[in-house]
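Just my_file_27.cif here, mmCIF, C-alpha atoms and all ligand atoms:
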```cif
data_query
loop_
_atom_site.label_atom_id
_atom_site.label_comp_id
_atom_site.auth_asym_id
_atom_site.auth_seq_id
_atom_site.Cartn_x
_atom_site.Cartn_y
_atom_site.Cartn_z
CA MET A 370 111.60 -1.11 64.63
CA LYS A 371 110.39 0.96 61.66
CA GLN A 372 109.75 -1.10 58.57
CA THR A 373 111.27 0.09 55.32
CA HIS A 374 109.17 -0.12 52.22
CA THR A 375 110.35 -1.11 48.77
CA THR A 376 108.07 -0.11 45.92
CA PRO A 377 107.70 -2.90 43.34
CA GLU A 378 107.93 -2.29 39.60
CA LYS A 379 104.44 -3.59 38.85
CA PHE A 380 101.19 -4.33 40.64
CA VAL A 381 97.90 -6.02 39.87
CA GLY A 382 95.06 -3.54 39.86
CA VAL A 383 91.38 -3.76 38.94
CA GLY A 384 90.16 -2.14 35.74
CA TYR A 385 89.50 -2.70 32.06
CA THR A 386 91.67 -3.89 29.22
CA ARG A 387 89.44 -3.14 26.21
CA ASP A 388 87.84 0.08 24.98
CA ARG A 389 84.25 0.32 26.32
CA ALA A 390 84.54 -3.10 27.95
CA GLY A 391 82.03 -2.26 30.71
CA LEU A 392 81.47 -4.51 33.71
CA PRO A 393 82.81 -6.88 34.87
CA LEU A 394 86.19 -5.32 35.53
CA GLU A 395 89.19 -7.61 35.59
CA ALA A 396 92.63 -7.93 37.15
CA VAL A 397 95.11 -5.74 35.29
CA ARG A 398 98.88 -5.85 35.76
CA ILE A 399 100.43 -2.42 35.27
CA PRO A 400 103.72 -0.70 36.09
CA VAL A 401 103.78 1.33 39.30
CA PRO A 402 103.63 4.90 37.97
CA GLN A 403 106.49 7.35 38.50
CA PRO A 404 105.44 10.74 39.86
CA THR A 405 106.13 13.69 37.56
CA ALA A 406 107.28 17.05 39.00
CA ASN A 407 103.90 17.94 40.53
CA GLN A 408 102.73 14.48 41.48
CA VAL A 409 102.75 12.32 44.58
CA LEU A 410 103.05 8.51 44.50
CA ILE A 411 100.76 6.93 47.09
CA ARG A 412 100.82 3.41 48.50
CA VAL A 413 97.10 2.89 48.82
CA ALA A 414 95.45 1.83 52.08
CA SER A 415 91.79 2.44 51.20
CA SER A 416 89.70 3.62 48.29
CA SER A 417 85.96 3.82 47.62
CA LEU A 418 83.48 3.11 44.84
CA ASN A 419 81.97 5.81 42.62
CA PRO A 420 79.51 5.47 39.72
CA LEU A 421 82.16 7.20 37.60
CA GLU A 422 84.19 4.01 37.59
CA TYR A 423 81.60 1.78 35.91
CA LYS A 424 80.73 4.64 33.54
CA LEU A 425 84.37 5.00 32.50
CA ALA A 426 84.63 1.26 31.92
CA GLU A 427 81.46 1.37 29.80
CA LEU A 428 82.03 4.54 27.82
CA ASN A 429 85.74 5.33 28.22
CA PHE A 430 84.70 8.95 27.74
CA MET A 431 88.05 10.24 28.91
CA GLY A 432 89.49 8.68 25.75
CA ARG A 433 91.98 6.53 27.66
CA THR A 434 93.96 3.81 25.97
CA PRO A 435 93.38 0.59 27.94
CA PRO A 436 94.54 -1.03 30.12
CA VAL A 437 93.13 1.33 32.74
CA VAL A 438 93.16 0.67 36.49
CA LEU A 439 90.28 2.29 38.38
CA GLY A 440 89.81 3.46 41.97
CA PHE A 441 90.25 7.23 42.01
CA ASP A 442 89.56 7.97 45.67
CA LEU A 443 92.78 7.38 47.58
CA ALA A 444 93.87 7.29 51.21
CA GLY A 445 97.34 5.99 51.89
CA VAL A 446 100.96 6.81 52.53
CA VAL A 447 103.32 8.82 50.33
CA VAL A 448 106.19 6.72 48.95
CA ASP A 449 107.62 9.18 46.42
CA VAL A 450 107.16 12.80 45.36
CA GLY A 451 108.04 14.83 42.28
CA HIS A 452 110.61 17.66 42.40
CA ASP A 453 108.10 20.46 42.80
CA VAL A 454 106.02 18.88 45.55
CA SER A 455 106.52 20.72 48.81
CA HIS A 456 103.48 20.29 51.04
CA VAL A 457 103.67 16.51 51.57
CA ALA A 458 106.67 14.24 52.10
CA VAL A 459 107.50 10.55 51.94
CA GLY A 460 105.90 8.80 54.92
CA ASP A 461 102.96 11.21 55.25
CA ALA A 462 99.46 9.80 55.46
CA VAL A 463 97.46 11.52 52.73
CA VAL A 464 94.07 11.70 51.09
CA ALA A 465 93.90 12.33 47.34
CA MET A 466 91.97 11.98 44.17
CA ALA A 467 93.89 10.30 41.39
CA ASP A 468 94.16 12.11 38.12
CA LEU A 469 91.34 10.75 36.00
CA ASN A 470 93.64 10.79 32.99
CA GLY A 471 95.81 8.28 34.85
CA ASP A 472 95.26 5.08 36.79
CA GLY A 473 93.52 4.49 40.12
CA GLY A 474 94.48 2.49 43.17
CA TRP A 475 92.33 -0.65 43.45
CA SER A 476 94.30 -3.87 43.80
CA ALA A 477 93.22 -7.40 42.96
CA THR A 478 94.98 -8.83 45.99
CA GLY A 479 92.00 -8.99 48.33
CA GLY A 480 93.16 -6.41 50.84
CA SER A 481 96.75 -7.54 51.15
CA GLY A 482 97.94 -4.35 49.52
CA GLY A 483 100.50 -3.61 46.87
CA ALA A 484 98.58 -0.94 44.93
CA TYR A 485 100.06 2.44 44.02
CA ALA A 486 98.62 5.51 42.33
CA VAL A 487 99.83 9.00 41.54
CA ALA A 488 97.84 12.11 42.34
CA ARG A 489 98.49 15.71 41.47
CA GLN A 490 99.86 17.86 44.27
CA PHE A 491 96.77 20.09 44.37
CA LEU A 492 94.52 17.04 44.79
CA THR A 493 96.56 15.62 47.67
CA VAL A 494 96.23 16.69 51.28
CA ARG A 495 97.66 15.41 54.55
CA LYS A 496 95.27 13.19 56.47
CA PRO A 497 94.53 14.33 60.01
CA PRO A 498 95.39 11.56 62.51
CA SER A 499 91.83 11.61 63.86
CA LEU A 500 90.40 10.64 60.46
CA SER A 501 90.68 6.94 59.59
CA PHE A 502 91.98 5.81 56.19
CA ARG A 503 88.55 4.22 55.71
CA ASP A 504 86.57 7.42 56.21
CA ALA A 505 89.17 9.50 54.39
CA ALA A 506 88.85 7.28 51.30
CA ALA A 507 85.12 7.97 51.14
CA LEU A 508 85.59 11.70 50.76
CA PRO A 509 87.50 13.06 47.75
CA MET A 510 85.24 12.63 44.74
CA CYS A 511 81.90 13.01 46.54
CA PHE A 512 83.07 15.82 48.80
CA LEU A 513 84.56 17.80 45.89
CA SER A 514 81.37 17.29 43.88
CA ALA A 515 79.16 18.55 46.71
CA PHE A 516 81.56 21.40 47.44
CA ALA A 517 81.67 22.43 43.78
CA GLY A 518 77.87 22.52 43.74
CA LEU A 519 77.36 24.53 46.90
CA ASN A 520 80.42 26.75 47.34
CA GLY A 521 79.66 30.30 46.27
CA ALA A 522 76.03 29.41 45.56
CA ILE A 523 74.54 28.86 49.01
CA GLN A 524 74.22 31.56 51.66
CA ALA A 525 73.69 31.12 55.37
CA GLY A 526 69.94 31.19 56.00
CA ASP A 527 68.98 29.80 52.57
CA THR A 528 66.39 27.13 51.94
CA ILE A 529 67.84 24.39 49.75
CA TYR A 530 66.51 21.20 48.18
CA ILE A 531 69.05 18.39 47.73
CA PRO A 532 67.31 15.32 46.27
CA GLY A 533 68.87 11.92 47.01
CA GLY A 534 70.26 12.69 50.46
CA GLY A 535 71.14 9.03 51.05
CA GLY A 536 73.56 8.90 48.10
CA GLY A 537 77.34 9.30 48.06
CA VAL A 538 77.29 12.92 46.93
CA GLY A 539 73.84 13.66 48.37
CA HIS A 540 74.51 12.84 52.04
CA LEU A 541 77.69 14.91 52.06
CA ALA A 542 75.93 17.80 50.32
CA VAL A 543 73.15 17.72 52.93
CA GLN A 544 75.69 17.79 55.78
CA MET A 545 77.65 20.57 54.10
CA ALA A 546 74.55 22.70 53.51
CA ALA A 547 73.11 22.17 56.99
CA ARG A 548 76.26 22.25 59.11
CA ALA A 549 79.06 24.02 57.24
CA PHE A 550 77.15 26.56 55.12
CA GLU A 551 74.41 27.01 57.73
CA ALA A 552 71.37 26.80 55.49
CA ARG A 553 68.18 27.53 57.41
CA THR A 554 66.15 24.73 55.86
CA VAL A 555 67.49 21.67 54.05
CA ILE A 556 64.97 19.54 52.19
CA SER A 557 65.94 16.18 50.74
CA SER A 558 64.46 12.98 49.31
CA GLY A 559 65.00 9.25 48.95
CA SER A 560 63.05 6.18 47.97
CA ARG A 561 64.14 3.71 50.67
CA PRO A 562 63.70 3.90 54.45
CA GLN A 563 67.50 3.67 54.90
CA SER A 564 68.31 6.47 52.47
CA ILE A 565 65.58 8.66 53.95
CA ALA A 566 67.05 7.99 57.41
CA LEU A 567 70.58 8.84 56.21
CA ALA A 568 69.36 12.14 54.74
CA GLN A 569 67.71 12.95 58.09
CA GLN A 570 70.83 11.99 60.08
CA SER A 571 72.86 14.15 57.74
CA GLY A 572 70.89 17.20 58.82
CA ALA A 573 67.95 17.45 56.41
CA HIS A 574 64.96 19.04 58.11
CA PHE A 575 62.39 17.52 55.74
CA VAL A 576 62.89 14.35 53.69
CA PHE A 577 60.31 13.21 51.14
CA ASP A 578 59.84 9.97 49.23
CA TYR A 579 60.44 10.87 45.59
CA LYS A 580 58.51 7.83 44.35
CA ARG A 581 55.44 8.54 46.46
CA ASP A 582 55.20 12.20 47.43
CA ASP A 583 54.32 15.22 45.31
CA ILE A 584 57.47 17.03 46.39
CA ALA A 585 56.89 20.23 44.39
CA THR A 586 53.54 20.70 46.17
CA GLU A 587 55.07 19.83 49.56
CA ILE A 588 57.88 22.35 49.04
CA ALA A 589 55.43 25.01 47.88
CA GLU A 590 53.53 24.50 51.15
CA LEU A 591 56.70 24.54 53.27
CA THR A 592 57.88 27.78 51.67
CA ASN A 593 54.50 29.57 51.55
CA GLY A 594 54.39 29.22 47.79
CA ARG A 595 57.79 30.81 47.26
CA GLY A 596 59.98 27.81 46.43
CA VAL A 597 63.55 27.09 47.52
CA ASP A 598 66.47 29.46 47.03
CA LEU A 599 68.44 26.74 45.34
CA VAL A 600 68.38 23.11 44.29
CA PHE A 601 71.51 20.97 44.10
CA ASP A 602 70.60 17.90 42.04
CA ALA A 603 73.27 15.17 41.87
CA THR A 604 70.89 12.33 41.03
CA TYR A 605 71.43 12.05 37.24
CA SER A 606 67.71 11.35 36.95
CA GLU A 607 66.12 12.97 33.87
CA GLN A 608 62.65 12.45 35.32
CA GLY A 609 63.82 13.79 38.67
CA PHE A 610 65.40 16.90 37.07
CA ALA A 611 62.03 18.08 35.74
CA GLU A 612 60.49 17.64 39.20
CA THR A 613 63.28 19.35 41.16
CA ALA A 614 63.38 22.30 38.71
CA LYS A 615 59.74 23.04 39.65
CA THR A 616 60.71 23.69 43.25
CA VAL A 617 63.07 26.67 42.65
CA ARG A 618 61.84 30.14 43.61
CA ARG A 619 61.73 33.06 41.18
CA GLY A 620 65.30 34.15 40.57
CA GLY A 621 66.71 31.13 42.41
CA SER A 622 69.35 28.66 41.22
CA TRP A 623 69.06 25.12 39.92
CA ILE A 624 72.47 23.49 40.17
CA VAL A 625 73.04 20.14 38.51
CA LEU A 626 76.03 17.85 38.82
CA GLY A 627 77.49 16.55 35.57
CA VAL A 628 76.57 17.04 31.95
CA GLY A 629 73.00 18.05 32.82
CA PRO A 630 69.47 17.53 31.49
CA GLY A 631 69.05 15.66 28.22
CA LYS A 632 72.65 14.48 28.17
CA THR A 633 73.05 12.12 31.10
CA SER A 634 73.39 9.02 28.92
CA ARG A 635 76.40 10.66 27.23
CA LEU A 636 75.45 8.68 24.12
CA ALA A 637 72.62 10.74 22.69
CA GLU A 638 70.83 13.95 23.60
CA SER A 639 67.17 13.79 24.55
CA PRO A 640 64.72 16.69 24.92
CA SER A 641 64.37 18.02 28.46
CA PRO A 642 61.74 20.40 29.84
CA VAL A 643 64.12 21.74 32.51
CA ASP A 644 65.23 24.95 30.82
CA ALA A 645 61.63 25.92 30.02
CA ILE A 646 60.63 25.30 33.66
CA LEU A 647 63.54 27.41 34.90
CA ALA A 648 62.90 30.19 32.37
CA GLU A 649 59.32 30.52 33.68
CA ARG A 650 60.83 31.24 37.09
CA GLY A 651 63.68 33.40 35.92
CA ALA A 652 65.91 30.86 37.67
CA ARG A 653 69.56 30.16 36.85
CA HIS A 654 70.65 26.79 35.46
CA VAL A 655 74.19 25.98 36.65
CA ASN A 656 76.11 22.89 35.51
CA ILE A 657 78.87 21.65 37.80
CA ASN A 658 81.17 19.10 36.22
CA LEU A 659 84.40 18.11 37.91
CA LEU A 660 85.34 15.86 35.02
CA ARG A 661 85.84 18.65 32.55
CA TYR A 662 88.92 19.68 34.49
CA PHE A 663 90.44 16.29 33.81
CA ALA A 664 89.26 15.91 30.24
CA GLU A 665 90.77 19.28 29.35
CA PRO A 666 94.01 19.69 31.30
CA ALA A 667 94.51 23.07 29.64
CA THR A 668 91.58 24.42 31.68
CA LEU A 669 93.46 23.67 34.89
CA ASP A 670 94.41 27.24 35.53
CA SER A 671 95.48 28.49 38.94
CA GLN A 672 91.86 29.23 39.85
CA ALA A 673 90.80 25.63 39.21
CA ARG A 674 93.80 24.27 41.09
CA GLY A 675 93.06 26.65 43.96
CA PHE A 676 89.46 25.43 44.08
CA PHE A 677 90.55 21.80 44.39
CA GLU A 678 93.20 22.61 46.99
CA ARG A 679 90.69 24.51 49.08
CA GLY A 680 88.13 21.72 48.66
CA MET A 681 90.56 19.04 49.84
CA ASP A 682 91.68 21.20 52.79
CA LEU A 683 88.08 21.83 53.81
CA ALA A 684 87.23 18.13 53.47
CA MET A 685 89.84 17.40 56.13
CA GLU A 686 88.92 20.38 58.31
CA TRP A 687 85.16 19.76 58.25
CA ALA A 688 85.61 16.02 58.84
CA THR A 689 87.85 16.76 61.82
CA ARG A 690 85.32 19.22 63.22
CA GLY A 691 82.50 16.70 62.73
CA LEU A 692 80.66 18.91 60.24
CA VAL A 693 80.90 16.63 57.19
CA ILE A 694 81.45 12.95 58.00
CA PRO A 695 81.06 10.28 55.32
CA TYR A 696 78.64 7.47 56.08
CA VAL A 697 80.36 4.20 55.15
CA SER A 698 77.63 1.58 54.83
CA GLN A 699 79.94 -1.19 53.69
CA THR A 700 83.64 -1.99 53.60
CA VAL A 701 84.80 -4.60 51.08
CA ASP A 702 88.19 -6.17 50.47
CA SER A 703 89.83 -5.14 47.23
CA THR A 704 89.02 -8.11 45.01
CA VAL A 705 87.79 -8.14 41.42
CA GLU A 706 84.59 -9.88 42.54
CA ALA A 707 83.76 -7.54 45.43
CA ILE A 708 84.41 -4.45 43.32
CA ASN A 709 82.25 -5.78 40.47
CA THR A 710 79.44 -6.59 42.90
CA GLY A 711 79.60 -3.11 44.43
CA LEU A 712 79.68 -1.36 41.06
CA ARG A 713 76.75 -3.44 39.79
CA SER A 714 74.71 -2.31 42.81
CA LEU A 715 75.65 1.32 42.19
CA LYS A 716 74.66 0.95 38.54
CA ALA A 717 71.34 -0.70 39.39
CA GLY A 718 70.66 2.13 41.87
CA SER A 719 69.69 -0.44 44.44
CA GLY A 720 70.94 -1.06 47.90
CA VAL A 721 73.93 1.28 48.12
CA LEU A 722 73.73 3.75 50.98
CA GLY A 723 76.25 6.55 51.51
CA LYS A 724 79.64 5.14 50.51
CA VAL A 725 81.21 1.72 49.95
CA VAL A 726 84.87 1.68 50.95
CA VAL A 727 87.43 -0.69 49.44
CA THR A 728 90.15 -1.93 51.77
CA VAL A 729 93.19 -2.12 49.54
CA ASP A 730 95.83 -2.75 52.21
CA ARG A 731 94.34 -4.11 55.43
CA ASN A 732 97.51 -3.65 57.48
CA LEU A 733 98.20 -0.15 56.27
CA ALA A 734 94.55 0.88 56.76
CA ALA A 735 94.47 -0.47 60.30
CA GLY A 736 97.93 0.62 61.37
CA SER A 737 99.36 3.91 62.46
CA GLU A 738 101.95 4.18 59.69
CA GLY A 739 101.90 7.68 58.28
CA ASN A 740 99.55 8.82 61.03
CA ARG A 741 102.02 11.26 62.54
CA PRO A 742 100.59 14.57 63.69
CA ILE A 743 100.07 17.24 61.05
CA ALA A 744 102.13 19.86 62.91
CA ARG A 745 105.72 19.45 61.73
CA THR A 746 108.83 20.46 63.64
N1 LIG B 1 80.40 14.80 36.60
C1 LIG B 1 80.78 14.94 37.86
O1 LIG B 1 81.47 15.88 38.20
C2 LIG B 1 80.32 13.93 38.86
C3 LIG B 1 81.00 13.80 40.08
C4 LIG B 1 80.52 12.88 41.03
C5 LIG B 1 79.38 12.12 40.75
N2 LIG B 1 78.78 12.26 39.53
C6 LIG B 1 77.56 11.49 39.23
O2 LIG B 1 76.55 11.85 40.17
C7 LIG B 1 75.65 10.76 40.36
C8 LIG B 1 75.48 10.49 41.85
O3 LIG B 1 76.68 9.97 42.38
P1 LIG B 1 76.66 9.27 43.81
O4 LIG B 1 78.03 8.82 44.10
O5 LIG B 1 75.97 10.15 44.79
O6 LIG B 1 75.70 8.00 43.49
P2 LIG B 1 74.85 7.09 44.50
O7 LIG B 1 75.60 6.93 45.76
O8 LIG B 1 74.47 5.90 43.71
O9 LIG B 1 73.55 7.95 44.85
C9 LIG B 1 72.47 8.08 44.00
C10 LIG B 1 71.32 8.64 44.86
O10 LIG B 1 70.37 9.20 43.99
C11 LIG B 1 69.10 8.97 44.54
N3 LIG B 1 68.14 9.09 43.45
C12 LIG B 1 68.08 8.39 42.30
N4 LIG B 1 67.05 8.84 41.54
C13 LIG B 1 66.48 9.86 42.24
C14 LIG B 1 65.39 10.74 42.01
N5 LIG B 1 64.65 10.66 40.90
N6 LIG B 1 65.11 11.68 42.94
C15 LIG B 1 65.82 11.77 44.08
N7 LIG B 1 66.87 10.96 44.37
C16 LIG B 1 67.18 10.02 43.45
C17 LIG B 1 69.17 7.60 45.16
O11 LIG B 1 68.21 7.51 46.22
P3 LIG B 1 67.49 6.12 46.67
O12 LIG B 1 68.59 5.09 46.80
O13 LIG B 1 66.84 6.45 47.96
O14 LIG B 1 66.51 5.78 45.58
C18 LIG B 1 70.60 7.60 45.70
O15 LIG B 1 70.62 8.05 47.05
C19 LIG B 1 76.25 9.58 39.59
O16 LIG B 1 75.57 9.47 38.36
C20 LIG B 1 77.70 9.99 39.37
O17 LIG B 1 78.28 9.39 38.24
C21 LIG B 1 79.21 13.15 38.60
#
```
Mind turning the file's structure into structure tokens?
Ligand SMILES: NC(=O)c1ccc[n+]([C@@H]2O[C@H](COP(=O)([O-])OP(=O)(O)OC[C@H]3O[C@@H](n4cnc5c(N)ncnc54)[C@H](OP(=O)(O)O)[C@@H]3O)[C@@H](O)[C@H]2O)c1
Amino acid sequence: MKQTHTTPEKFVGVGYTRDRAGLPLEAVRIPVPQPTANQVLIRVASSSLNPLEYKLAELNFMGRTPPVVLGFDLAGVVVDVGHDVSHVAVGDAVVAMADLNGDGGWSATGGSGGAYAVARQFLTVRKPPSLSFRDAAALPMCFLSAFAGLNGAIQAGDTIYIPGGGGGVGHLAVQMAARAFEARTVISSGSRPQSIALAQQSGAHFVFDYKRDDIATEIAELTNGRGVDLVFDATYSEQGFAETAKTVRRGGSWIVLGVGPGKTSRLAESPSPVDAILAERGARHVNINLLRYFAEPATLDSQARGFFERGMDLAMEWATRGLVIPYVSQTVDSTVEAINTGLRSLKAGSGVLGKVVVTVDRNLAAGSEGNRPIART
């Protein structure tokens, strides 16, 4: 017999209650949000951890008024939709990224569920039945970041350097470049045997140790002195930026995720040699920042919405075709403690490989609810 679901008025999430509180996060009781015309309310099965979440708790740079519940990557089942939502319906299994100006979907109930989050229609896509809630939850933020960096910049046959190919964004970017965009040569880096192995498994042809190897010299040798067509650097490493910029060919592109060189702390600007290095090569410096779309809702024109829609569709399509598959190194139950431990590891830059998934609702994540085939009658 099909179970009916009653949405509660409130739930206990995981987030922060004071401005710039930082870690540790705490249990936060908030009302279950109501979807506006273009939003979808999702009962969350799984989520994942992103560095963004500890950074928001520390800096609150979106200017939110606490309490704020975190957990922006969402995989779950639709329980309500706004008037203008047409492409998903109540009962559908979906994958989404929560609106960063709103709350996320982590619960403090240790995997027994009860967390709800709204996502905008253009950031919500139906989950293919072949993709688990677990894997689906690892995709939105990291996939969209990698897609934003590479789409329109990489050409089939290019040689690309993607440092940090064992990271959340990095391993998906390597897969995307090698398998979906058909780069000829993908070069990556890591500092641990496991992250080097993940970059290799993800399709990188050459993976260097950024703490040990002289990668600019290695790349010069690999490319007969020419350099790579483009770099996609999602490492947020100021020291690393200066090294990766040296590997771009004349007239190539250096694409950085986020606020870019000299600004990664978000607190103060520091001098960076990157633009001088790129100018010597006549190379382009491109900043890709997903967050600006959320900080400035007015910039969400139809082009931006279309980009996100296409990105979410391709995330599902490429995962289904086996082209871009998230590597989930760890799955933790959604408790305050487990989430704090995971975020501390991400912040320390130690020990996290690929993605850490948070099981918010064990039964929903394991079950077939909402897993009906995409083709509708
Ligand atoms: N603004 C935006 O739009 C946006 C969106 C998404 C993510 N981000 C940011 O992007 C960054 C990466 O996110 P993530 O989820 O991929 O984090 P992650 O999973 O922690 O990955 C970080 C990776 O960077 C590698 N790394 C660190 N320093 C390096 C260096 N000098 N050279 C080469 N690789 C280096 C690490 O490799 P080893 O472990 O092998 O040392 C690790 O694999 C975070 O700071 C995040 O906040 C920004």
With all atoms of ligand LIG 1 (chain B) from the file as input, state the centre and edge lengths in Å to one decimal of the axis-aligned box that has 3 Å extra on each side, as lines of an AutoDock Vina configuration file.
```
center_x = 73.1
center_y = 10.5
center_z = 42.3
size_x = 22.8
size_y = 16.8
size_z = 17.4
```
As a PDB file with C-alpha atoms, in the frame of the given file, please: the residues near stretch 482-484 of chain A (cut-off 6 Å, only C-alpha atoms, same-chain neighbours under 5 positions excluded).
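Dumped to around.pdb:
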```
ATOM      1  CA  VAL A 413      97.100   2.890  48.820  1.00  0.00           C
ATOM      2  CA  GLY A 474      94.480   2.490  43.170  1.00  0.00           C
ATOM      3  CA  SER A 476      94.300  -3.870  43.800  1.00  0.00           C
ATOM      4  CA  VAL A 729      93.190  -2.120  49.540  1.00  0.00           C
ATOM      5  CA  ASP A 730      95.830  -2.750  52.210  1.00  0.00           C
TER       6      ASP A 730
END
```
Pick from A:Phe550, A:Phe380, A:Phe441, A:Trp475 nearest to ligand LIG 1 (chain B), counting only C-alpha atoms and all ligand atoms: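 The shortest atom-to-atom distance to ligand LIG 1 (chain B) comes from A:Phe441.
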Once you count all atoms listed in the file, which residues end up within 7 Å of ligand LIG 1 (chain B), and could you hand them over as JSON, numbers by chain? {"A": [419, 420, 421, 510, 511, 514, 532, 533, 534, 535, 536, 537, 538, 539, 558, 559, 560, 561, 564, 565, 579, 603, 604, 605, 606, 608, 609, 626, 627, 628, 657, 658, 659, 660, 715, 718, 719, 720, 721, 722, 723, 724]}
Which residues are close to A:Val726, i.e. within 9 Å by all atoms listed in the file, leaving aside same-chain residues fewer than 5 positions away? Reply as a PDB file with C-alpha atoms, keeping the file's coordinate frame.
```pdb
ATOM      1  CA  SER A 415      91.790   2.440  51.200  1.00  0.00           C
ATOM      2  CA  SER A 416      89.700   3.620  48.290  1.00  0.00           C
ATOM      3  CA  SER A 417      85.960   3.820  47.620  1.00  0.00           C
ATOM      4  CA  LEU A 418      83.480   3.110  44.840  1.00  0.00           C
ATOM      5  CA  ARG A 503      88.550   4.220  55.710  1.00  0.00           C
ATOM      6  CA  ASP A 504      86.570   7.420  56.210  1.00  0.00           C
ATOM      7  CA  ALA A 506      88.850   7.280  51.300  1.00  0.00           C
ATOM      8  CA  ALA A 507      85.120   7.970  51.140  1.00  0.00           C
ATOM      9  CA  VAL A 697      80.360   4.200  55.150  1.00  0.00           C
ATOM     10  CA  SER A 698      77.630   1.580  54.830  1.00  0.00           C
ATOM     11  CA  GLN A 699      79.940  -1.190  53.690  1.00  0.00           C
ATOM     12  CA  THR A 700      83.640  -1.990  53.600  1.00  0.00           C
ATOM     13  CA  VAL A 701      84.800  -4.600  51.080  1.00  0.00           C
ATOM     14  CA  ASP A 702      88.190  -6.170  50.470  1.00  0.00           C
TER      15      ASP A 702
END
```
Which residues, written as a PDB file with C-alpha atoms, in the coordinates of the input, have at least one atom at most 9 Å from stretch 394-402 of chain A, with only C-alpha atoms counted and residues fewer than 3 positions away on the same chain left out?
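The resulting selection.pdb:
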```pdb
ATOM      1  CA  THR A 376     108.070  -0.110  45.920  1.00  0.00           C
ATOM      2  CA  PRO A 377     107.700  -2.900  43.340  1.00  0.00           C
ATOM      3  CA  GLU A 378     107.930  -2.290  39.600  1.00  0.00           C
ATOM      4  CA  LYS A 379     104.440  -3.590  38.850  1.00  0.00           C
ATOM      5  CA  PHE A 380     101.190  -4.330  40.640  1.00  0.00           C
ATOM      6  CA  VAL A 381      97.900  -6.020  39.870  1.00  0.00           C
ATOM      7  CA  GLY A 382      95.060  -3.540  39.860  1.00  0.00           C
ATOM      8  CA  VAL A 383      91.380  -3.760  38.940  1.00  0.00           C
ATOM      9  CA  GLY A 384      90.160  -2.140  35.740  1.00  0.00           C
ATOM     10  CA  TYR A 385      89.500  -2.700  32.060  1.00  0.00           C
ATOM     11  CA  THR A 386      91.670  -3.890  29.220  1.00  0.00           C
ATOM     12  CA  ALA A 390      84.540  -3.100  27.950  1.00  0.00           C
ATOM     13  CA  GLY A 391      82.030  -2.260  30.710  1.00  0.00           C
ATOM     14  CA  LEU A 410     103.050   8.510  44.500  1.00  0.00           C
ATOM     15  CA  TYR A 423      81.600   1.780  35.910  1.00  0.00           C
ATOM     16  CA  ALA A 426      84.630   1.260  31.920  1.00  0.00           C
ATOM     17  CA  PRO A 436      94.540  -1.030  30.120  1.00  0.00           C
ATOM     18  CA  VAL A 437      93.130   1.330  32.740  1.00  0.00           C
ATOM     19  CA  VAL A 438      93.160   0.670  36.490  1.00  0.00           C
ATOM     20  CA  ASP A 472      95.260   5.080  36.790  1.00  0.00           C
ATOM     21  CA  SER A 476      94.300  -3.870  43.800  1.00  0.00           C
ATOM     22  CA  ALA A 477      93.220  -7.400  42.960  1.00  0.00           C
ATOM     23  CA  ALA A 484      98.580  -0.940  44.930  1.00  0.00           C
ATOM     24  CA  TYR A 485     100.060   2.440  44.020  1.00  0.00           C
ATOM     25  CA  ALA A 486      98.620   5.510  42.330  1.00  0.00           C
ATOM     26  CA  VAL A 487      99.830   9.000  41.540  1.00  0.00           C
ATOM     27  CA  THR A 704      89.020  -8.110  45.010  1.00  0.00           C
ATOM     28  CA  VAL A 705      87.790  -8.140  41.420  1.00  0.00           C
ATOM     29  CA  GLU A 706      84.590  -9.880  42.540  1.00  0.00           C
ATOM     30  CA  ILE A 708      84.410  -4.450  43.320  1.00  0.00           C
ATOM     31  CA  ASN A 709      82.250  -5.780  40.470  1.00  0.00           C
TER      32      ASN A 709
END
```
Between A:Thr528, A:Asn429, A:Gln544, A:Thr633, which one has atoms that come closest to A:Ile588, using only C-alpha atoms?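 Closest to A:Ile588 of all the choices is A:Thr528.
Excluding A:Ala458 itself and any same-chain residue fewer than 5 positions from it, the protein and nucleic acid residues within 9 Å of it, counting only C-alpha atoms, are Val409, Val447, Val448, Asp449 and Val450 of chain A.
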